[in-house]
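K.L.:
To be precise about what I am sending: the file is called final_27.txt and holds compact mmCIF, C-alpha atoms and all ligand atoms.
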# COMPACT_ATOMS: atom_id res chain seq x y z
CA MET A 225 -10.81 6.19 -5.50
CA ARG A 226 -11.38 7.33 -9.04
CA ARG A 227 -13.31 4.98 -11.31
CA ARG A 228 -10.55 4.70 -13.94
CA HIS A 229 -7.95 4.10 -11.28
CA ARG A 230 -10.16 1.47 -9.65
CA ASP A 231 -10.64 -0.39 -12.93
CA ALA A 232 -6.91 -0.36 -13.66
CA HIS A 233 -6.37 -1.65 -10.16
CA ARG A 234 -8.75 -4.55 -10.65
CA VAL A 235 -7.17 -5.67 -13.91
CA ILE A 236 -3.64 -5.39 -12.50
CA TRP A 237 -4.48 -7.50 -9.47
CA LEU A 238 -6.30 -10.14 -11.50
CA VAL A 239 -3.11 -10.53 -13.55
CA LEU A 240 -0.91 -10.49 -10.45
CA ALA A 241 -3.11 -13.07 -8.72
CA GLY A 242 -2.03 -15.51 -11.42
CA LEU A 243 1.49 -14.24 -11.95
CA LEU A 244 2.76 -14.06 -8.38
CA PRO A 245 2.01 -17.69 -7.39
CA ALA A 246 3.18 -18.82 -10.85
CA VAL A 247 6.62 -17.25 -10.30
CA VAL A 248 7.00 -18.97 -6.91
CA LEU A 249 5.75 -22.35 -8.12
CA LEU A 250 7.78 -22.30 -11.32
CA SER A 251 10.98 -21.42 -9.56
CA LEU A 252 10.35 -24.22 -7.06
CA ALA A 253 9.66 -26.67 -9.86
CA LEU A 254 12.86 -25.73 -11.66
CA ARG A 255 14.89 -25.92 -8.49
CA PRO A 256 17.87 -28.30 -8.63
CA ILE A 257 17.40 -31.41 -6.54
CA GLY A 258 19.03 -30.96 -3.15
CA PRO A 259 20.43 -27.89 -1.44
CA THR A 260 22.91 -25.72 -3.31
CA GLU A 261 24.49 -24.15 -0.25
CA ALA A 262 26.76 -25.90 2.17
CA PRO A 263 24.58 -27.61 4.78
CA GLN A 264 24.85 -26.46 8.35
CA ILE A 265 26.25 -29.82 9.37
CA GLN A 266 26.18 -31.11 12.86
CA LEU A 267 28.95 -33.64 13.16
CA ALA A 268 28.43 -34.67 16.73
CA PRO A 269 25.76 -33.94 19.29
CA PRO A 270 26.66 -30.90 21.40
CA LYS A 271 28.45 -31.83 24.61
CA MET B 806 3.34 27.41 -11.47
CA SER B 807 5.25 26.74 -8.31
CA GLU B 808 4.59 24.65 -5.23
CA ARG B 809 5.35 25.61 -1.69
CA TYR B 810 7.08 22.99 0.43
CA ALA B 811 5.55 22.46 3.85
CA PRO B 812 7.31 20.12 6.29
CA VAL B 813 5.62 16.93 7.46
CA GLY B 814 2.82 17.90 9.85
CA TRP B 815 3.32 15.75 12.94
CA ASN B 816 0.56 14.91 15.37
CA VAL B 817 0.22 12.41 18.21
CA THR B 818 -1.43 9.76 16.03
CA LYS B 819 1.39 9.89 13.51
CA ILE B 820 4.02 9.65 16.23
CA VAL B 821 2.30 6.66 17.84
CA TYR B 822 1.85 5.00 14.44
CA ASP B 823 5.53 5.41 13.59
CA ALA B 824 6.65 4.31 17.06
CA VAL B 825 4.63 1.09 16.78
CA ALA B 826 5.90 0.38 13.24
CA LEU B 827 9.51 0.97 14.33
CA ALA B 828 9.11 -1.13 17.49
CA VAL B 829 7.60 -4.11 15.62
CA THR B 830 10.35 -3.95 12.98
CA GLY B 831 13.03 -3.64 15.66
CA VAL B 832 11.69 -6.63 17.60
CA TYR B 833 11.50 -8.79 14.46
CA ILE B 834 15.09 -8.02 13.47
CA SER B 835 16.42 -8.45 17.02
CA VAL B 836 14.72 -11.82 17.42
CA PHE B 837 16.02 -12.94 14.02
CA LEU B 838 19.60 -11.82 14.73
CA TRP B 839 20.08 -12.52 18.41
CA VAL B 840 17.39 -14.80 19.81
CA ALA B 841 16.69 -17.34 17.05
CA PRO B 842 20.34 -18.46 16.59
CA SER B 843 20.49 -19.65 20.20
CA PHE B 844 17.82 -22.26 19.40
CA GLN B 845 19.81 -23.62 16.47
CA HIS B 846 21.99 -26.65 17.11
CA VAL B 847 24.48 -26.54 14.26
CA THR B 848 28.22 -26.79 14.16
CA LEU B 849 28.46 -24.35 11.27
CA PRO B 850 26.40 -21.30 12.19
CA LEU B 851 25.60 -18.76 9.51
CA ASP B 852 27.96 -15.80 9.38
CA GLU B 853 26.94 -12.39 10.62
CA TYR B 854 26.49 -10.87 7.13
CA THR B 855 24.24 -13.65 5.88
CA MET B 856 22.15 -13.39 9.04
CA ARG B 857 21.81 -9.65 8.56
CA MET B 858 20.92 -10.14 4.90
CA ASN B 859 18.25 -12.69 5.81
CA ALA B 860 16.84 -10.68 8.70
CA PHE B 861 16.47 -7.40 6.81
CA GLY B 862 15.49 -9.12 3.54
CA THR B 863 12.63 -11.13 5.06
CA CYS B 864 11.57 -8.09 7.10
CA ALA B 865 11.38 -5.88 3.98
CA PHE B 866 9.32 -8.52 2.16
CA LEU B 867 6.89 -8.89 5.07
CA LEU B 868 6.55 -5.10 5.44
CA LEU B 869 5.84 -4.77 1.74
CA SER B 870 3.20 -7.50 1.94
CA VAL B 871 1.54 -5.69 4.87
CA ILE B 872 1.62 -2.34 3.07
CA LEU B 873 -0.02 -3.85 0.01
CA SER B 874 -2.70 -5.50 2.16
CA ILE B 875 -3.75 -2.32 4.01
CA GLY B 876 -5.70 -0.77 1.11
CA PRO B 877 -7.93 -3.75 0.27
CA ALA B 878 -8.30 -4.70 3.95
CA THR B 879 -9.78 -1.29 4.76
CA ARG B 880 -12.16 -1.55 1.81
CA LEU B 881 -13.36 -4.92 3.12
CA ASP B 882 -13.47 -3.92 6.79
CA PRO B 883 -13.28 -0.31 8.05
CA ARG B 884 -11.67 -1.49 11.30
CA PHE B 885 -8.36 -1.52 9.42
CA LEU B 886 -8.64 2.20 8.66
CA PRO B 887 -6.16 3.30 11.37
CA LEU B 888 -3.45 1.35 9.50
CA LEU B 889 -4.07 3.39 6.39
CA TYR B 890 -3.53 6.68 8.15
CA ASN B 891 0.24 6.89 7.92
CA ARG B 892 0.95 4.25 5.30
CA ARG B 893 3.49 6.47 3.59
CA HIS B 894 5.82 6.43 6.61
CA PHE B 895 5.50 2.66 6.56
CA GLY B 896 6.74 2.76 2.96
CA VAL B 897 9.74 4.89 3.88
CA LEU B 898 10.60 2.44 6.69
CA THR B 899 10.43 -0.45 4.20
CA ALA B 900 12.81 1.34 1.83
CA ALA B 901 15.28 1.80 4.71
CA VAL B 902 15.06 -1.88 5.75
CA ALA B 903 15.49 -3.04 2.13
CA THR B 904 18.55 -0.80 1.72
CA THR B 905 20.17 -2.37 4.79
CA HIS B 906 19.53 -5.80 3.28
CA ALA B 907 21.13 -4.72 -0.01
CA TYR B 908 24.10 -3.24 1.79
CA ALA B 909 24.77 -6.47 3.72
CA ALA B 910 24.60 -8.43 0.46
CA LEU B 911 26.97 -6.03 -1.25
CA ASP B 912 29.50 -6.37 1.57
CA TRP B 913 29.32 -10.14 1.70
CA TYR B 914 29.28 -11.19 -1.93
CA PHE B 915 30.96 -8.47 -3.90
CA SER B 916 33.81 -7.09 -1.81
CA TYR B 917 36.72 -9.10 -3.24
CA GLY B 918 36.02 -9.20 -6.97
CA PRO B 919 38.35 -7.75 -9.59
CA TYR B 920 36.23 -4.59 -9.95
CA ASP B 921 34.35 -2.19 -7.78
CA ARG B 922 31.50 -3.72 -5.70
CA PHE B 923 28.74 -2.03 -7.67
CA GLU B 924 30.33 -3.01 -10.97
CA MET B 925 30.67 -6.59 -9.72
CA LEU B 926 27.01 -6.58 -8.74
CA LEU B 927 25.95 -5.52 -12.22
CA ARG B 928 28.37 -7.50 -14.43
CA GLY B 929 29.67 -10.27 -12.18
CA ASN B 930 26.99 -12.77 -13.25
CA THR B 931 25.39 -12.78 -16.69
CA SER B 932 23.80 -16.26 -16.73
CA PHE B 933 20.43 -14.91 -17.82
CA SER B 934 19.51 -18.08 -19.71
CA GLN B 935 19.32 -20.46 -16.74
CA THR B 936 17.23 -20.57 -13.57
CA GLN B 937 20.00 -22.01 -11.43
CA GLY B 938 22.50 -19.24 -10.81
CA PHE B 939 20.26 -16.63 -12.52
CA PRO B 940 21.40 -13.11 -11.57
CA PHE B 941 18.37 -12.65 -9.35
CA GLU B 942 19.99 -9.54 -7.86
CA ILE B 943 18.69 -7.60 -10.85
CA PHE B 944 15.11 -7.99 -9.57
CA GLY B 945 16.15 -6.82 -6.13
CA ILE B 946 17.86 -3.75 -7.60
CA PHE B 947 14.73 -2.83 -9.57
CA SER B 948 12.51 -3.14 -6.50
CA LEU B 949 14.91 -1.13 -4.39
CA LEU B 950 14.99 1.67 -6.97
CA VAL B 951 11.19 1.77 -7.04
CA LEU B 952 11.04 1.85 -3.22
CA PHE B 953 13.54 4.73 -3.23
CA LEU B 954 11.57 6.65 -5.81
CA LEU B 955 8.30 6.18 -3.93
CA ALA B 956 9.85 7.07 -0.57
CA ALA B 957 11.39 10.19 -2.09
CA THR B 958 8.09 11.31 -3.62
CA SER B 959 5.88 10.33 -0.68
CA HIS B 960 5.55 13.86 0.69
CA ASP B 961 2.43 15.91 -0.09
CA PHE B 962 4.63 18.40 -1.94
CA TRP B 963 5.15 15.80 -4.71
CA LEU B 964 1.47 14.87 -4.68
CA ARG B 965 0.56 18.46 -5.47
CA PHE B 966 3.46 19.03 -7.83
CA LEU B 967 2.83 15.90 -9.91
CA THR B 968 -1.00 16.11 -9.51
CA PRO B 969 -2.92 13.23 -7.89
CA PRO B 970 -3.51 11.12 -11.05
CA LEU B 971 0.18 11.12 -11.98
CA TRP B 972 1.29 10.58 -8.39
CA LYS B 973 -1.13 7.65 -8.02
CA ALA B 974 0.09 6.12 -11.29
CA LEU B 975 3.69 6.51 -10.14
CA HIS B 976 2.92 4.88 -6.82
CA MET B 977 1.21 1.97 -8.56
CA THR B 978 4.71 0.88 -9.70
CA LEU B 979 4.86 -0.62 -6.21
CA TYR B 980 2.93 -3.56 -7.66
CA ALA B 981 5.68 -4.13 -10.21
CA ALA B 982 8.21 -3.83 -7.39
CA TYR B 983 6.36 -6.52 -5.42
CA LEU B 984 6.34 -8.88 -8.41
CA SER B 985 10.04 -8.18 -8.83
CA VAL B 986 10.74 -8.88 -5.14
CA VAL B 987 8.91 -12.20 -5.44
CA ALA B 988 11.06 -13.08 -8.47
CA HIS B 989 14.17 -11.98 -6.52
CA ILE B 990 13.33 -14.32 -3.64
CA SER B 991 12.14 -17.17 -5.85
CA LEU B 992 15.26 -17.24 -8.00
CA GLY B 993 17.56 -16.44 -5.10
CA ALA B 994 16.86 -17.55 -1.55
CA LEU B 995 14.24 -20.16 -2.49
CA GLN B 996 16.66 -21.97 -4.79
CA ALA B 997 19.08 -22.50 -1.94
CA ALA B 998 16.63 -22.99 0.93
CA GLN B 999 17.07 -26.25 2.78
CA ASN B 1000 13.63 -26.40 4.36
CA PRO B 1001 10.21 -25.43 3.02
CA PHE B 1002 9.58 -22.71 5.62
CA LEU B 1003 10.55 -19.77 3.41
CA ALA B 1004 8.55 -21.13 0.45
CA VAL B 1005 5.47 -21.50 2.67
CA VAL B 1006 5.78 -17.94 4.04
CA VAL B 1007 6.33 -16.42 0.59
CA GLY B 1008 3.46 -18.44 -0.87
CA PHE B 1009 1.14 -17.43 1.97
CA CYS B 1010 1.97 -13.70 1.58
CA VAL B 1011 1.67 -13.74 -2.19
CA VAL B 1012 -1.66 -15.57 -2.24
CA GLY B 1013 -2.97 -13.51 0.69
CA VAL B 1014 -2.12 -10.11 -0.84
CA ALA B 1015 -3.53 -11.03 -4.26
CA ALA B 1016 -6.69 -12.57 -2.77
CA LEU B 1017 -7.37 -9.46 -0.67
CA HIS B 1018 -7.06 -7.20 -3.72
CA VAL B 1019 -9.29 -9.38 -5.87
CA ALA B 1020 -11.90 -9.67 -3.09
CA ALA B 1021 -11.90 -5.90 -2.47
CA SER B 1022 -12.30 -5.08 -6.15
CA ARG B 1023 -15.29 -7.42 -6.42
CA ARG B 1024 -17.07 -5.63 -3.61
CA ARG B 1025 -17.95 -2.58 -5.61
CA ALA B 1026 -20.91 -0.42 -4.94
CA THR B 1027 -23.85 -1.50 -7.06
CA GLU B 1028 -25.06 1.13 -9.46
CA ALA B 1029 -28.17 2.89 -8.24
CA ALA B 1030 -31.56 2.83 -9.93
CA LEU B 1031 -32.65 5.99 -11.76
CA MET B 1032 -36.00 7.83 -11.73
CA ASP B 1033 -36.38 10.90 -13.94
CA GLY B 1034 -32.62 10.89 -14.13
CA TRP B 1035 -32.32 11.01 -10.30
CA LEU B 1036 -30.57 8.23 -8.36
CA ASP B 1037 -32.18 6.13 -5.63
CA ALA B 1038 -30.08 6.34 -2.45
CA GLY B 1039 -32.39 4.12 -0.41
CA PRO B 1040 -34.61 4.93 2.58
CA ALA B 1041 -33.72 8.07 4.52
CA GLU B 1042 -33.83 6.34 7.89
CA ALA B 1043 -31.24 3.81 6.70
CA ILE B 1044 -28.64 6.59 6.88
CA GLY B 1045 -27.43 6.86 10.45
CA GLU B 1046 -26.77 10.21 12.11
CA ASP B 1047 -23.27 11.48 11.27
CA LEU B 1048 -22.72 8.66 8.80
CA GLY B 1049 -22.48 8.52 5.02
CA VAL B 1050 -23.60 6.14 2.29
CA VAL B 1051 -22.27 5.78 -1.25
CA VAL B 1052 -24.39 6.07 -4.36
CA THR B 1053 -22.80 5.17 -7.67
CA PRO B 1054 -24.33 6.65 -10.83
CA PRO B 1055 -23.88 4.66 -14.04
CA ASN B 1056 -20.52 5.52 -15.61
CA ALA B 1057 -19.64 8.27 -13.17
CA GLU B 1058 -17.79 8.79 -9.91
CA SER B 1059 -19.53 7.84 -6.66
CA ILE B 1060 -21.44 10.33 -4.52
CA ALA B 1061 -21.44 10.43 -0.70
CA VAL B 1062 -24.77 11.17 1.01
CA PHE B 1063 -24.50 12.24 4.66
CA ARG B 1064 -26.92 12.76 7.48
CA HIS B 1065 -25.94 15.38 10.02
CA ALA B 1066 -28.18 17.14 12.58
CA GLY B 1067 -31.21 15.37 11.07
CA ARG B 1068 -30.55 16.79 7.58
CA LEU B 1069 -29.17 15.15 4.44
CA SER B 1070 -26.57 16.53 2.06
CA ALA B 1071 -24.44 15.10 -0.74
CA VAL B 1072 -20.92 15.72 -2.02
CA THR B 1073 -18.62 13.79 -4.32
CA ASN B 1074 -17.17 10.70 -2.65
CA LEU B 1075 -13.65 11.69 -3.78
CA CYS B 1076 -11.62 13.68 -1.29
CA ALA B 1077 -9.89 16.69 -2.87
CA HIS B 1078 -6.61 15.65 -1.27
CA GLN B 1079 -6.01 12.18 -2.67
CA ASN B 1080 -9.39 10.82 -3.69
CA GLY B 1081 -10.01 9.18 -0.31
CA PRO B 1082 -13.53 7.65 0.16
CA LEU B 1083 -15.37 10.42 2.06
CA ALA B 1084 -18.49 8.35 2.78
CA GLU B 1085 -16.33 6.13 5.00
CA GLY B 1086 -15.24 9.12 7.05
CA ARG B 1087 -16.60 10.55 10.29
CA VAL B 1088 -18.13 13.86 11.24
CA ILE B 1089 -15.78 15.92 13.38
CA ASP B 1090 -16.52 19.51 14.44
CA GLY B 1091 -19.57 19.52 12.18
CA CYS B 1092 -17.51 18.71 9.09
CA ILE B 1093 -17.17 15.65 6.85
CA THR B 1094 -13.74 14.28 7.77
CA CYS B 1095 -11.86 12.14 5.25
CA PRO B 1096 -10.90 8.75 6.73
CA TRP B 1097 -7.48 8.79 5.05
CA HIS B 1098 -5.69 11.91 6.23
CA GLY B 1099 -8.40 13.93 7.93
CA TYR B 1100 -9.14 16.71 5.40
CA GLN B 1101 -12.44 18.36 6.31
CA TYR B 1102 -15.38 19.76 4.33
CA ARG B 1103 -18.62 21.55 5.18
CA PHE B 1104 -21.90 19.80 4.40
CA GLU B 1105 -23.70 22.66 2.72
CA ASP B 1106 -21.09 23.81 0.17
CA GLY B 1107 -18.32 21.14 0.17
CA CYS B 1108 -15.72 23.78 1.15
CA ALA B 1109 -12.91 23.07 3.60
CA PRO B 1110 -13.24 25.35 6.65
CA PRO B 1111 -10.90 28.38 6.54
CA PRO B 1112 -7.93 28.75 6.27
CA PHE B 1113 -8.05 25.71 3.98
CA THR B 1114 -9.09 26.09 0.37
CA GLU B 1115 -10.10 22.63 -0.90
CA THR B 1116 -13.57 22.36 -2.41
CA LEU B 1117 -15.85 19.50 -3.44
CA ALA B 1118 -18.66 19.21 -5.96
CA THR B 1119 -22.08 19.20 -4.26
CA PHE B 1120 -25.32 17.46 -5.33
CA GLN B 1121 -28.99 18.22 -5.00
CA LEU B 1122 -31.20 15.85 -2.98
CA ARG B 1123 -34.90 15.27 -2.44
CA ILE B 1124 -36.86 12.91 -0.25
CA VAL B 1125 -39.96 11.28 -1.76
CA ASP B 1126 -42.03 8.84 0.35
CA GLY B 1127 -39.15 8.39 2.74
CA ARG B 1128 -36.65 7.52 0.00
CA VAL B 1129 -33.66 9.68 -0.83
CA TRP B 1130 -33.07 10.72 -4.45
CA VAL B 1131 -29.86 12.34 -5.70
CA ASP B 1132 -29.45 14.46 -8.82
CA PRO B 1133 -26.34 12.87 -10.40
CA VAL B 1134 -25.34 16.12 -12.13
CA PRO B 1135 -22.66 17.67 -9.92
CA LYS B 1136 -22.87 21.33 -8.97
CA PRO B 1137 -19.61 23.22 -9.45
CA PRO B 1138 -17.37 22.85 -6.38
CA SER B 1139 -18.38 25.08 -3.45
CA THR B 1140 -21.95 25.62 -4.74
CA VAL B 1141 -24.29 25.96 -1.74
CA VAL B 1142 -27.01 23.27 -1.66
CA THR B 1143 -29.28 23.57 1.38
CA PRO B 1144 -29.37 20.28 3.33
CA VAL B 1145 -32.75 18.51 3.23
CA PRO B 1146 -34.43 17.82 6.61
CA VAL B 1147 -35.42 14.18 7.18
CA PRO B 1148 -39.21 14.17 7.82
S1 LIG C 1 -7.36 11.57 0.74
FE1 LIG C 1 -6.05 12.51 2.10
S2 LIG C 1 -7.40 13.51 3.40
FE2 LIG C 1 -8.67 12.61 1.99
Output the file's structure in the form of structure tokens.
Ligand code: FES

P.N.:
Amino acid sequence: MRRRHRDAHRVIWLVLAGLLPAVVLLSLALRPIGPTEAPQIQLAPPK
Amino acid sequence: MSERYAPVGWNVTKIVYDAVALAVTGVYISVFLWVAPSFQHVTLPLDEYTMRMNAFGTCAFLLLSVILSIGPATRLDPRFLPLLYNRRHFGVLTAAVATTHAYAALDWYFSYGPYDRFEMLLRGNTSFSQTQGFPFEIFGIFSLLVLFLLAATSHDFWLRFLTPPLWKALHMTLYAAYLSVVAHISLGALQAAQNPFLAVVVGFCVVGVAALHVAASRRRATEAALMDGWLDAGPAEAIGEDLGVVVTPPNAESIAVFRHAGRLSAVTNLCAHQNGPLAEGRVIDGCITCPWHGYQYRFEDGCAPPPFTETLATFQLRIVDGRVWVDPVPKPPSTVVTPVPVP
């Protein structure tokens, strides 16, 4: 791998190493309390 | 200047690679669609479209995570090299799986709006200022477009036409696509998920891929010591027969030093095809063979054996008191440098 390409690579992944988990954690933190989709209810035990 | 198109050159390894990738993907999707639901005890099962969306969506994300892990994994441990061999076909498969996911979503959510499905997708939701209900589809569309572009330009024809530096830069947009996919999942499926399973899987992949890249970039070859402007490549007997070692001059590209038939020779470590790391390759038919796609070069002049025309820069060597020294000034590609016998 070319030196310049390798250096660019390293910087990009250092940034992504912070950014990727931050996106997941932030979106989880901002999540509304409780599910937003209809639950898959089970009204009675299967017969 | 014009480029000649040559069809994909198939060989047994490529066919086996593709067959395994297709089989694993097929099994994952089949289990998701037809086996897993039978273990679910719910009175309101998910509809067929949502299941398809989930199956192909999660599959595309996992494939993308694997693709992005292959490069750093091989740099950390050469046993992963076989995975690198046909990575481009893997990418094309991922684009196809992601398209199926998008198509299921389009059918399920946008079929009955007042406008055309594609128009609905783009202008149906404009709540850009809130996380809940954010039009996360936009991130998915961006990633899908990047995957398409990369799949379409994955053939060697485009590599030659665009030149390797431009092609590499173009294919680095995959990192942006991955970030965008993570945003797509985080603002979409994760917001609605009822159990933490998806969050755990996404978190694991994201941390794993990033950690592999950071670890691989830290393990760089240390720059070699200089004597009279020549580089120390270590003791001659430390280089095994038919193996290569890397020497990195200060502020220059690395050099691969090989031992073959008891003699040492040096060429640039960058393969003329796509800058693959030649020192990690093997010797096949008396030629240095690139570990990535198998391009071959002769030891003495760095030329590919006829009818091929690729050439590499060569370097002069000398052995003093059992240590190997390399002249870091490259000879023009295809210059003959007589290999040095190991005493
Ligand atoms: S990089 Fe493709 S054969 Fe070397």

K.L.:
Please identify all residues of chain B having at least one atom at most 7 Å from any atom of chain A, considering only C-alpha atoms, and return them as an MDAnalysis selection string.

P.N.:
chainID B and resid 847:850 984 988 991:992 996:999 1008 1011:1012 1015:1016 1018:1019 1022 1058 1075 1080:1082

K.L.:
Please find the residues contacting ligand LIG 1 (chain C) at a distance of at most 6 Å between atoms, with all atoms listed in the file counted, and report them as number ranges by chain.

P.N.:
B: 1076, 1078-1081, 1095, 1097-1100

K.L.:
Would you work out the distance separating atom CA of B:Ile820 from atom CA of B:Phe895, expressed in Å to one decimal?

P.N.:
12.0 Å

K.L.:
What does the distance between atom CA of B:Gly1034 and atom CA of B:Leu1117 come to in Å, to one decimal place?

P.N.:
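Those two atoms sit 21.7 Å apart.
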
K.L.:
Could you state the separation of atom CA of B:His1065 and atom CA of B:Gly1091 in Å, given to one decimal place?

P.N.:
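Here the two named atoms are 7.9 Å from each other.
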
K.L.:
Need to verify the contact set: B:Ala1038, 8 Å, only C-alpha atoms, exclusion of same-chain residues closer than 5 positions in sequence. Can you return it as a list of chain:residue names?

P.N.:
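Returned residues: B:Ala1029, B:Val1051, B:Val1052, B:Val1062, B:Arg1128, B:Val1129, B:Trp1130, B:Val1131.
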
K.L.:
Could you rebuild stretch 237-249 of chain A with N, CA and C atoms and give me the result as a short mmCIF file (atom, residue, chain, number, x, y, z; two decimals), in the coordinates of the input?

P.N.:
data_model
loop_
_atom_site.label_atom_id
_atom_site.label_comp_id
_atom_site.auth_asym_id
_atom_site.auth_seq_id
_atom_site.Cartn_x
_atom_site.Cartn_y
_atom_site.Cartn_z
N TRP A 237 -4.53 -6.48 -10.51
CA TRP A 237 -4.48 -7.50 -9.47
C TRP A 237 -5.02 -8.85 -9.94
N LEU A 238 -5.88 -8.85 -10.94
CA LEU A 238 -6.30 -10.14 -11.50
C LEU A 238 -5.11 -10.81 -12.17
N VAL A 239 -4.31 -9.99 -12.89
CA VAL A 239 -3.11 -10.53 -13.55
C VAL A 239 -2.11 -11.00 -12.49
N LEU A 240 -1.91 -10.14 -11.48
CA LEU A 240 -0.91 -10.49 -10.45
C LEU A 240 -1.33 -11.73 -9.65
N ALA A 241 -2.64 -11.90 -9.48
CA ALA A 241 -3.11 -13.07 -8.72
C ALA A 241 -2.68 -14.36 -9.40
N GLY A 242 -2.54 -14.32 -10.72
CA GLY A 242 -2.03 -15.51 -11.42
C GLY A 242 -0.52 -15.53 -11.47
N LEU A 243 0.04 -14.34 -11.70
CA LEU A 243 1.49 -14.24 -11.95
C LEU A 243 2.34 -14.51 -10.71
N LEU A 244 1.92 -13.94 -9.59
CA LEU A 244 2.76 -14.06 -8.38
C LEU A 244 2.93 -15.53 -7.94
N PRO A 245 1.81 -16.29 -7.77
CA PRO A 245 2.01 -17.69 -7.39
C PRO A 245 2.75 -18.47 -8.48
N ALA A 246 2.52 -18.10 -9.75
CA ALA A 246 3.18 -18.82 -10.85
C ALA A 246 4.70 -18.68 -10.74
N VAL A 247 5.17 -17.48 -10.41
CA VAL A 247 6.62 -17.25 -10.30
C VAL A 247 7.20 -18.14 -9.19
N VAL A 248 6.50 -18.18 -8.05
CA VAL A 248 7.00 -18.97 -6.91
C VAL A 248 7.00 -20.46 -7.28
N LEU A 249 5.87 -20.92 -7.83
CA LEU A 249 5.75 -22.35 -8.12
C LEU A 249 6.74 -22.79 -9.19
#
